[in-house]
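K.L.:
Enclosed is the structure file input_32.pdb (PDB, C-alpha atoms).
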ATOM      1  CA  MET A   1       4.144   6.184  27.827
ATOM      2  CA  ILE A   2       6.942   6.222  30.391
ATOM      3  CA  ILE A   3       6.310   3.874  33.299
ATOM      4  CA  LYS A   4       7.743   5.216  36.536
ATOM      5  CA  ASN A   5       9.637   3.119  39.039
ATOM      6  CA  ASN A   6       7.320   1.436  41.484
ATOM      7  CA  SER A   7       8.864  -0.172  44.560
ATOM      8  CA  THR A   8       5.653  -2.016  45.405
ATOM      9  CA  SER A   9       5.451  -3.735  42.010
ATOM     10  CA  PHE A  10       9.183  -4.485  42.270
ATOM     11  CA  ILE A  11       8.646  -6.348  45.566
ATOM     12  CA  ILE A  12       5.536  -8.122  44.257
ATOM     13  CA  ILE A  13       7.379  -9.415  41.175
ATOM     14  CA  ILE A  14      10.269 -10.712  43.290
ATOM     15  CA  SER A  15       7.797 -12.456  45.643
ATOM     16  CA  ILE A  16       5.996 -14.127  42.736
ATOM     17  CA  VAL A  17       9.294 -15.284  41.227
ATOM     18  CA  LEU A  18      10.307 -16.960  44.500
ATOM     19  CA  ILE A  19       6.913 -18.701  44.830
ATOM     20  CA  ILE A  20       6.768 -19.980  41.236
ATOM     21  CA  PRO A  21       9.181 -22.963  41.698
ATOM     22  CA  PHE A  22       6.916 -24.503  44.338
ATOM     23  CA  VAL A  23       3.764 -23.983  42.277
ATOM     24  CA  GLN A  24       5.532 -25.265  39.190
ATOM     25  CA  LYS A  25       6.571 -28.412  41.061
ATOM     26  CA  GLN A  26       2.936 -29.172  41.882
ATOM     27  CA  TRP A  27       1.891 -28.629  38.279
ATOM     28  CA  PHE A  28       4.673 -30.966  37.185
ATOM     29  CA  ASN A  29       3.475 -33.709  39.550
ATOM     30  CA  LEU A  30      -0.061 -33.359  38.209
ATOM     31  CA  TYR A  31       1.283 -33.289  34.675
ATOM     32  CA  LEU A  32       2.991 -36.674  35.214
ATOM     33  CA  PHE A  33      -0.388 -38.318  35.805
ATOM     34  CA  ASN A  34      -1.395 -37.334  32.279
ATOM     35  CA  ASN A  35       1.975 -37.690  30.620
ATOM     36  CA  ASN A  36       0.568 -39.126  27.421
ATOM     37  CA  ASP A  37      -2.405 -36.805  27.055
ATOM     38  CA  ILE A  38      -2.871 -33.091  26.732
ATOM     39  CA  SER A  39      -4.555 -31.895  29.898
ATOM     40  CA  PHE A  40      -5.170 -28.665  31.743
ATOM     41  CA  HIS A  41      -2.255 -29.357  34.075
ATOM     42  CA  SER A  42       0.101 -30.221  31.234
ATOM     43  CA  ILE A  43      -0.764 -26.910  29.554
ATOM     44  CA  LEU A  44      -0.167 -25.106  32.854
ATOM     45  CA  TYR A  45       3.179 -26.829  33.216
ATOM     46  CA  TYR A  46       4.250 -25.943  29.674
ATOM     47  CA  LEU A  47       3.229 -22.318  30.154
ATOM     48  CA  SER A  48       4.828 -22.072  33.598
ATOM     49  CA  GLY A  49       8.261 -21.884  31.994
ATOM     50  CA  LEU A  50       7.262 -18.550  30.437
ATOM     51  CA  ILE A  51       5.977 -16.889  33.623
ATOM     52  CA  THR A  52       9.333 -15.917  35.076
ATOM     53  CA  PRO A  53      10.787 -14.575  31.777
ATOM     54  CA  PHE A  54       7.623 -12.502  31.349
ATOM     55  CA  LEU A  55       7.962 -11.054  34.859
ATOM     56  CA  ILE A  56      11.648 -10.335  34.305
ATOM     57  CA  CYS A  57      10.889  -8.471  31.084
ATOM     58  CA  LEU A  58       7.990  -6.601  32.677
ATOM     59  CA  ASN A  59      10.136  -5.437  35.579
ATOM     60  CA  SER A  60      13.045  -4.524  33.316
ATOM     61  CA  LEU A  61      10.786  -2.525  31.012
ATOM     62  CA  ASN A  62       9.145  -0.705  33.907
ATOM     63  CA  ASN A  63      12.193  -0.052  36.074
ATOM     64  CA  PHE A  64      15.372  -0.477  34.037
ATOM     65  CA  THR A  65      14.601   1.194  30.706
ATOM     66  CA  TYR A  66      13.271   4.745  31.041
ATOM     67  CA  TYR A  67      15.958   6.242  33.255
ATOM     68  CA  LYS A  68      15.776   9.743  34.672
ATOM     69  CA  PHE A  69      18.757  11.244  36.442
ATOM     70  CA  SER A  70      19.188  14.154  38.810
ATOM     71  CA  ASN A  71      19.120  17.579  37.177
ATOM     72  CA  ASN A  72      21.311  19.405  39.681
ATOM     73  CA  LYS A  73      23.556  22.110  38.265
ATOM     74  CA  ILE A  74      26.975  20.815  37.330
ATOM     75  CA  ASN A  75      29.630  21.491  39.929
ATOM     76  CA  SER A  76      33.021  21.920  38.273
ATOM     77  CA  LYS A  77      34.625  19.953  41.084
ATOM     78  CA  ILE A  78      32.623  16.770  40.432
ATOM     79  CA  ILE A  79      32.430  16.529  36.651
ATOM     80  CA  ILE A  80      33.957  14.144  34.138
ATOM     81  CA  LYS A  81      35.101  15.608  30.821
ATOM     82  CA  GLY A  82      37.806  15.536  28.195
ATOM     83  CA  LYS A  83      39.864  12.387  27.594
ATOM     84  CA  THR A  84      38.494  10.690  30.712
ATOM     85  CA  LEU A  85      34.929  11.046  29.451
ATOM     86  CA  LEU A  86      35.990   9.880  25.980
ATOM     87  CA  LEU A  87      37.488   6.739  27.540
ATOM     88  CA  TYR A  88      34.319   5.985  29.519
ATOM     89  CA  VAL A  89      32.076   6.598  26.513
ATOM     90  CA  SER A  90      34.186   4.488  24.138
ATOM     91  CA  ILE A  91      34.544   1.516  26.473
ATOM     92  CA  ASN A  92      30.872   1.491  27.441
ATOM     93  CA  LEU A  93      29.538   1.915  23.904
ATOM     94  CA  ILE A  94      31.831  -0.770  22.454
ATOM     95  CA  LEU A  95      31.084  -3.196  25.290
ATOM     96  CA  LEU A  96      27.320  -2.682  25.159
ATOM     97  CA  SER A  97      27.097  -3.004  21.366
ATOM     98  CA  TYR A  98      29.241  -6.158  21.480
ATOM     99  CA  LEU A  99      27.060  -7.733  24.188
ATOM    100  CA  ILE A 100      23.884  -6.957  22.260
ATOM    101  CA  VAL A 101      25.167  -8.322  18.946
ATOM    102  CA  ASN A 102      26.434 -11.484  20.615
ATOM    103  CA  TYR A 103      23.131 -11.912  22.498
ATOM    104  CA  PHE A 104      21.120 -11.663  19.288
ATOM    105  CA  TYR A 105      23.454 -14.189  17.696
ATOM    106  CA  ILE A 106      22.793 -16.638  20.568
ATOM    107  CA  ASN A 107      19.089 -16.410  19.723
ATOM    108  CA  PHE A 108      19.755 -16.987  16.021
ATOM    109  CA  ASP A 109      21.999 -19.928  16.881
ATOM    110  CA  PHE A 110      19.223 -21.546  18.930
ATOM    111  CA  ILE A 111      16.789 -21.207  16.031
ATOM    112  CA  THR A 112      19.164 -22.771  13.522
ATOM    113  CA  ASN A 113      20.091 -25.684  15.802
ATOM    114  CA  LEU A 114      16.564 -26.462  17.028
ATOM    115  CA  PHE A 115      14.362 -25.788  14.020
ATOM    116  CA  TRP A 116      16.640 -25.707  10.961
ATOM    117  CA  ASP A 117      18.439 -28.963  11.552
ATOM    118  CA  GLY A 118      20.799 -29.843   8.733
ATOM    119  CA  ILE A 119      21.220 -26.236   7.619
ATOM    120  CA  LYS A 120      24.550 -24.880   8.802
ATOM    121  CA  PHE A 121      25.133 -21.136   8.815
ATOM    122  CA  GLN A 122      28.644 -19.798   8.932
ATOM    123  CA  GLN A 123      29.430 -17.768  12.019
ATOM    124  CA  PRO A 124      30.027 -14.059  11.188
ATOM    125  CA  ASP A 125      33.678 -13.133  10.818
ATOM    126  CA  ASN A 126      35.334 -10.206  12.575
ATOM    127  CA  TYR A 127      34.544  -7.756   9.769
ATOM    128  CA  GLN A 128      30.851  -8.649   9.742
ATOM    129  CA  LEU A 129      30.704  -8.436  13.536
ATOM    130  CA  GLY A 130      32.370  -5.042  13.291
ATOM    131  CA  TYR A 131      29.611  -3.795  10.963
ATOM    132  CA  PHE A 132      26.909  -5.137  13.272
ATOM    133  CA  ASN A 133      28.570  -3.553  16.308
ATOM    134  CA  PHE A 134      28.827  -0.219  14.498
ATOM    135  CA  PHE A 135      25.144  -0.358  13.517
ATOM    136  CA  ILE A 136      24.069  -1.133  17.090
ATOM    137  CA  ALA A 137      26.328   1.637  18.417
ATOM    138  CA  ILE A 138      24.573   4.134  16.135
ATOM    139  CA  LEU A 139      21.173   3.001  17.435
ATOM    140  CA  LEU A 140      22.369   3.406  21.024
ATOM    141  CA  ILE A 141      23.248   7.054  20.468
ATOM    142  CA  PHE A 142      19.637   8.129  19.892
ATOM    143  CA  ASN A 143      17.139   7.915  22.743
ATOM    144  CA  VAL A 144      14.183   6.550  20.737
ATOM    145  CA  SER A 145      16.185   3.815  18.995
ATOM    146  CA  ARG A 146      17.986   2.960  22.263
ATOM    147  CA  ILE A 147      14.683   2.299  24.035
ATOM    148  CA  LEU A 148      13.396   0.315  21.053
ATOM    149  CA  LEU A 149      16.610  -1.713  21.092
ATOM    150  CA  LYS A 150      16.119  -2.427  24.806
ATOM    151  CA  LYS A 151      12.660  -3.823  24.049
ATOM    152  CA  PHE A 152      14.138  -6.120  21.386
ATOM    153  CA  ILE A 153      16.723  -7.268  23.939
ATOM    154  CA  LEU A 154      13.931  -8.257  26.325
ATOM    155  CA  ILE A 155      12.109 -10.091  23.528
ATOM    156  CA  ASN A 156      15.379 -11.828  22.742
ATOM    157  CA  PHE A 157      15.695 -12.879  26.397
ATOM    158  CA  SER A 158      12.146 -14.270  26.374
ATOM    159  CA  LEU A 159      12.776 -16.286  23.215
ATOM    160  CA  ILE A 160      16.019 -17.753  24.530
ATOM    161  CA  SER A 161      14.231 -18.638  27.795
ATOM    162  CA  PHE A 162      11.553 -20.393  25.742
ATOM    163  CA  TYR A 163      14.162 -22.384  23.797
ATOM    164  CA  ILE A 164      15.855 -23.446  27.038
ATOM    165  CA  TRP A 165      12.496 -24.477  28.520
ATOM    166  CA  TYR A 166      11.780 -26.462  25.348
ATOM    167  CA  LEU A 167      15.151 -28.229  25.679
ATOM    168  CA  GLN A 168      14.398 -29.126  29.295
ATOM    169  CA  ILE A 169      10.947 -30.515  28.509
ATOM    170  CA  LYS A 170      12.303 -32.591  25.596
ATOM    171  CA  ASN A 171      15.412 -33.624  27.579
ATOM    172  CA  ILE A 172      17.702 -32.296  24.867
ATOM    173  CA  ASN A 173      21.274 -31.722  26.003
ATOM    174  CA  VAL A 174      23.095 -28.591  24.936
ATOM    175  CA  ASP A 175      26.347 -29.639  23.272
ATOM    176  CA  ASP A 176      29.235 -27.748  21.710
ATOM    177  CA  GLN A 177      27.256 -26.938  18.581
ATOM    178  CA  PHE A 178      25.269 -24.346  20.549
ATOM    179  CA  HIS A 179      26.945 -20.954  20.789
ATOM    180  CA  ILE A 180      25.744 -20.478  24.374
ATOM    181  CA  SER A 181      27.791 -23.531  25.422
ATOM    182  CA  LYS A 182      30.932 -21.457  24.807
ATOM    183  CA  TYR A 183      30.184 -19.583  28.021
ATOM    184  CA  HIS A 184      31.881 -21.642  30.702
ATOM    185  CA  LEU A 185      30.319 -19.715  33.583
ATOM    186  CA  THR A 186      28.118 -22.625  34.638
ATOM    187  CA  ASP A 187      26.401 -25.727  33.246
ATOM    188  CA  ASN A 188      23.018 -24.104  33.949
ATOM    189  CA  ILE A 189      22.222 -22.309  30.683
ATOM    190  CA  ASN A 190      19.316 -20.472  32.320
ATOM    191  CA  LEU A 191      21.851 -18.803  34.594
ATOM    192  CA  ILE A 192      24.031 -17.951  31.587
ATOM    193  CA  ASN A 193      21.022 -16.331  29.922
ATOM    194  CA  VAL A 194      20.244 -14.312  33.050
ATOM    195  CA  LEU A 195      23.871 -13.288  33.622
ATOM    196  CA  ILE A 196      24.175 -12.002  30.050
ATOM    197  CA  LEU A 197      20.987  -9.959  30.458
ATOM    198  CA  PHE A 198      22.231  -8.685  33.831
ATOM    199  CA  THR A 199      25.502  -7.532  32.249
ATOM    200  CA  ILE A 200      23.575  -5.774  29.481
ATOM    201  CA  GLU A 201      21.361  -4.099  32.111
ATOM    202  CA  ILE A 202      24.406  -2.646  33.892
ATOM    203  CA  ALA A 203      26.014  -1.484  30.639
ATOM    204  CA  TYR A 204      22.667  -0.070  29.425
ATOM    205  CA  PHE A 205      22.244   1.881  32.669
ATOM    206  CA  THR A 206      25.778   3.274  32.399
ATOM    207  CA  TRP A 207      25.240   4.298  28.790
ATOM    208  CA  SER A 208      21.859   5.868  29.651
ATOM    209  CA  PHE A 209      23.627   7.959  32.272
ATOM    210  CA  LEU A 210      26.496   8.975  30.001
ATOM    211  CA  SER A 211      24.179   9.953  27.121
ATOM    212  CA  TYR A 212      21.419  11.503  29.249
ATOM    213  CA  LYS A 213      19.979  14.689  27.703
ATOM    214  CA  ASN A 214      22.834  17.062  26.770
ATOM    215  CA  ASN A 215      25.685  15.215  28.466
ATOM    216  CA  LEU A 216      27.426  14.202  25.259
ATOM    217  CA  SER A 217      26.692  17.401  23.363
ATOM    218  CA  ASN A 218      28.107  19.439  26.267
ATOM    219  CA  TRP A 219      30.885  16.829  26.597
ATOM    220  CA  MET A 220      30.752  16.870  30.386
ATOM    221  CA  ILE A 221      28.810  14.880  32.934
ATOM    222  CA  GLN A 222      28.376  15.108  36.648
ATOM    223  CA  ILE A 223      29.470  12.202  38.829
ATOM    224  CA  PRO A 224      26.385  10.049  39.622
ATOM    225  CA  GLN A 225      24.393  11.163  42.642
ATOM    226  CA  LYS A 226      23.202   8.796  45.362
ATOM    227  CA  VAL A 227      19.713   8.665  43.855
ATOM    228  CA  ASP A 228      21.256   7.581  40.532
ATOM    229  CA  ILE A 229      23.320   4.825  42.154
ATOM    230  CA  ASN A 230      20.120   3.416  43.675
ATOM    231  CA  ASN A 231      19.149   2.202  40.199
ATOM    232  CA  ILE A 232      22.235  -0.020  40.060
ATOM    233  CA  PHE A 233      21.406  -1.321  43.532
ATOM    234  CA  LYS A 234      17.905  -2.267  42.335
ATOM    235  CA  ILE A 235      19.353  -4.107  39.341
ATOM    236  CA  PHE A 236      21.689  -6.119  41.584
ATOM    237  CA  ILE A 237      18.913  -6.953  44.066
ATOM    238  CA  PHE A 238      16.439  -8.022  41.392
ATOM    239  CA  TYR A 239      18.833 -10.250  39.462
ATOM    240  CA  PHE A 240      20.156 -11.725  42.677
ATOM    241  CA  PHE A 241      16.667 -13.142  43.330
ATOM    242  CA  ILE A 242      16.374 -14.244  39.703
ATOM    243  CA  TYR A 243      19.713 -16.014  40.097
ATOM    244  CA  ILE A 244      18.352 -17.820  43.174
ATOM    245  CA  TYR A 245      15.223 -18.836  41.264
ATOM    246  CA  TYR A 246      17.157 -20.406  38.389
ATOM    247  CA  SER A 247      19.590 -22.035  40.832
ATOM    248  CA  ILE A 248      16.770 -24.061  42.403
ATOM    249  CA  PRO A 249      16.874 -27.634  40.978
ATOM    250  CA  SER A 250      13.796 -28.332  38.863
TER     251      SER A 250
END
Can you dump the structure from the file as structure tokens?
P.N.:
Amino acid sequence: MIIKNNSTSFIIIISIVLIIPFVQKQWFNLYLFNNNDISFHSILYYLSGLITPFLICLNSLNNFTYYKFSNNKINSKIIIKGKTLLLYVSINLILLSYLIVNYFYINFDFITNLFWDGIKFQQPDNYQLGYFNFFIAILLIFNVSRILLKKFILINFSLISFYIWYLQIKNINVDDQFHISKYHLTDNINLINVLILFTIEIAYFTWSFLSYKNNLSNWMIQIPQKVDINNIFKIFIFYFFIYIYYSIPS
């Protein structure tokens, strides 16, 4: 079932995300009193690290997955076609498939480093990555598999968020053996995780627009309307608040 955009739920989720750090701080203080025992507050504190990822995934699934674009008749003066369209399609499809493959590999890398200690897996070479990228690109072409892939991306985000939360609770430092450490954007790996998902969201939106209905079969698309651009604005606003949340010192 397609869940329509809901501005009210969008605002509610953002409000909850901004309140969580203060509630989480109180749970942490109560958790310290029972540091050596499993208590209600310790369970709350452990679970609190999953609240924000769940809300992010819920909002992304509801608002940034099932896109619908304006169905106005194509005006020959404002269309993109030919070599220009081919360039846009190629760049976006290659970029999005690369981001997705790399994001899944980050998840796999966390699993091997945290739970399969002593077992070293060789990083895929360029040929193997090329096969994976091609496979993901094929899935992105079809609407059903593209939506399914988006759901797996959100699950992937949740799992990586859980691993990071586990590292923070256990005071485990992320060193160079973790693939995510190769992103020198910031020392806050939660922010790296969010920024990667944000980039995928933008690329996913662009690809959804390019491949919407008969755009590719007709090999012409209309320049995005104002109502279509609003979706990008919502993505920026939402992840701006998520960025603020993960920037708050724990």
K.L.:
Just checking: using all atoms listed in the file, which residue out of A:Ile242, A:Leu159, A:Leu148, A:Ala203 ends up closest to Leu191 of chain A?
P.N.:
A:Ile242
K.L.:
Between A:Phe69, A:Ile244, A:Phe205, A:Ile229, which one has atoms that come closest to Ile147 of chain A, using all atoms listed in the file?
P.N.:
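Among A:Phe69, A:Ile244, A:Phe205, A:Ile229, it is A:Phe205 that comes nearest to Ile147 of chain A.
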K.L.:
Just so the selection is clear, what residues does the PyMOL selection byres ((chain A and resi 198) around 12) cover here, as a ChimeraX atom specification?
P.N.:
/A:56-57,60,64,96,99-100,103,153-154,157,191-197,199-205,232,234-243
K.L.:
I'd like the contact shell of segment 128-139 of chain A - 10 Å cut-off, only C-alpha atoms, skipping same-chain residues fewer than 2 positions apart - returned as a list in words.
P.N.:
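What passes the distance filter is Leu93, Ile94, Leu95, Leu96, Ser97, Tyr98, Leu99, Ile100, Val101, Asn102, Gln123, Pro124, Asp125, Asn126, Ile141, Phe142, Asn143, Val144, Ser145, Arg146, Ile147, Leu148 and Leu149 of chain A.
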K.L.:
What separation in Å, quoted to one decimal, exists between atom CA of Ile106 of chain A and atom CA of Lys182 of chain A?
P.N.:
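According to the coordinates, atom CA of Ile106 of chain A and atom CA of Lys182 of chain A are separated by 10.4 Å.
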K.L.:
For Phe108 of chain A, which residue among A:Leu50, A:Ile79, A:Ile180, A:Ile169 is the nearest when counting only C-alpha atoms?
P.N.:
A:Ile180
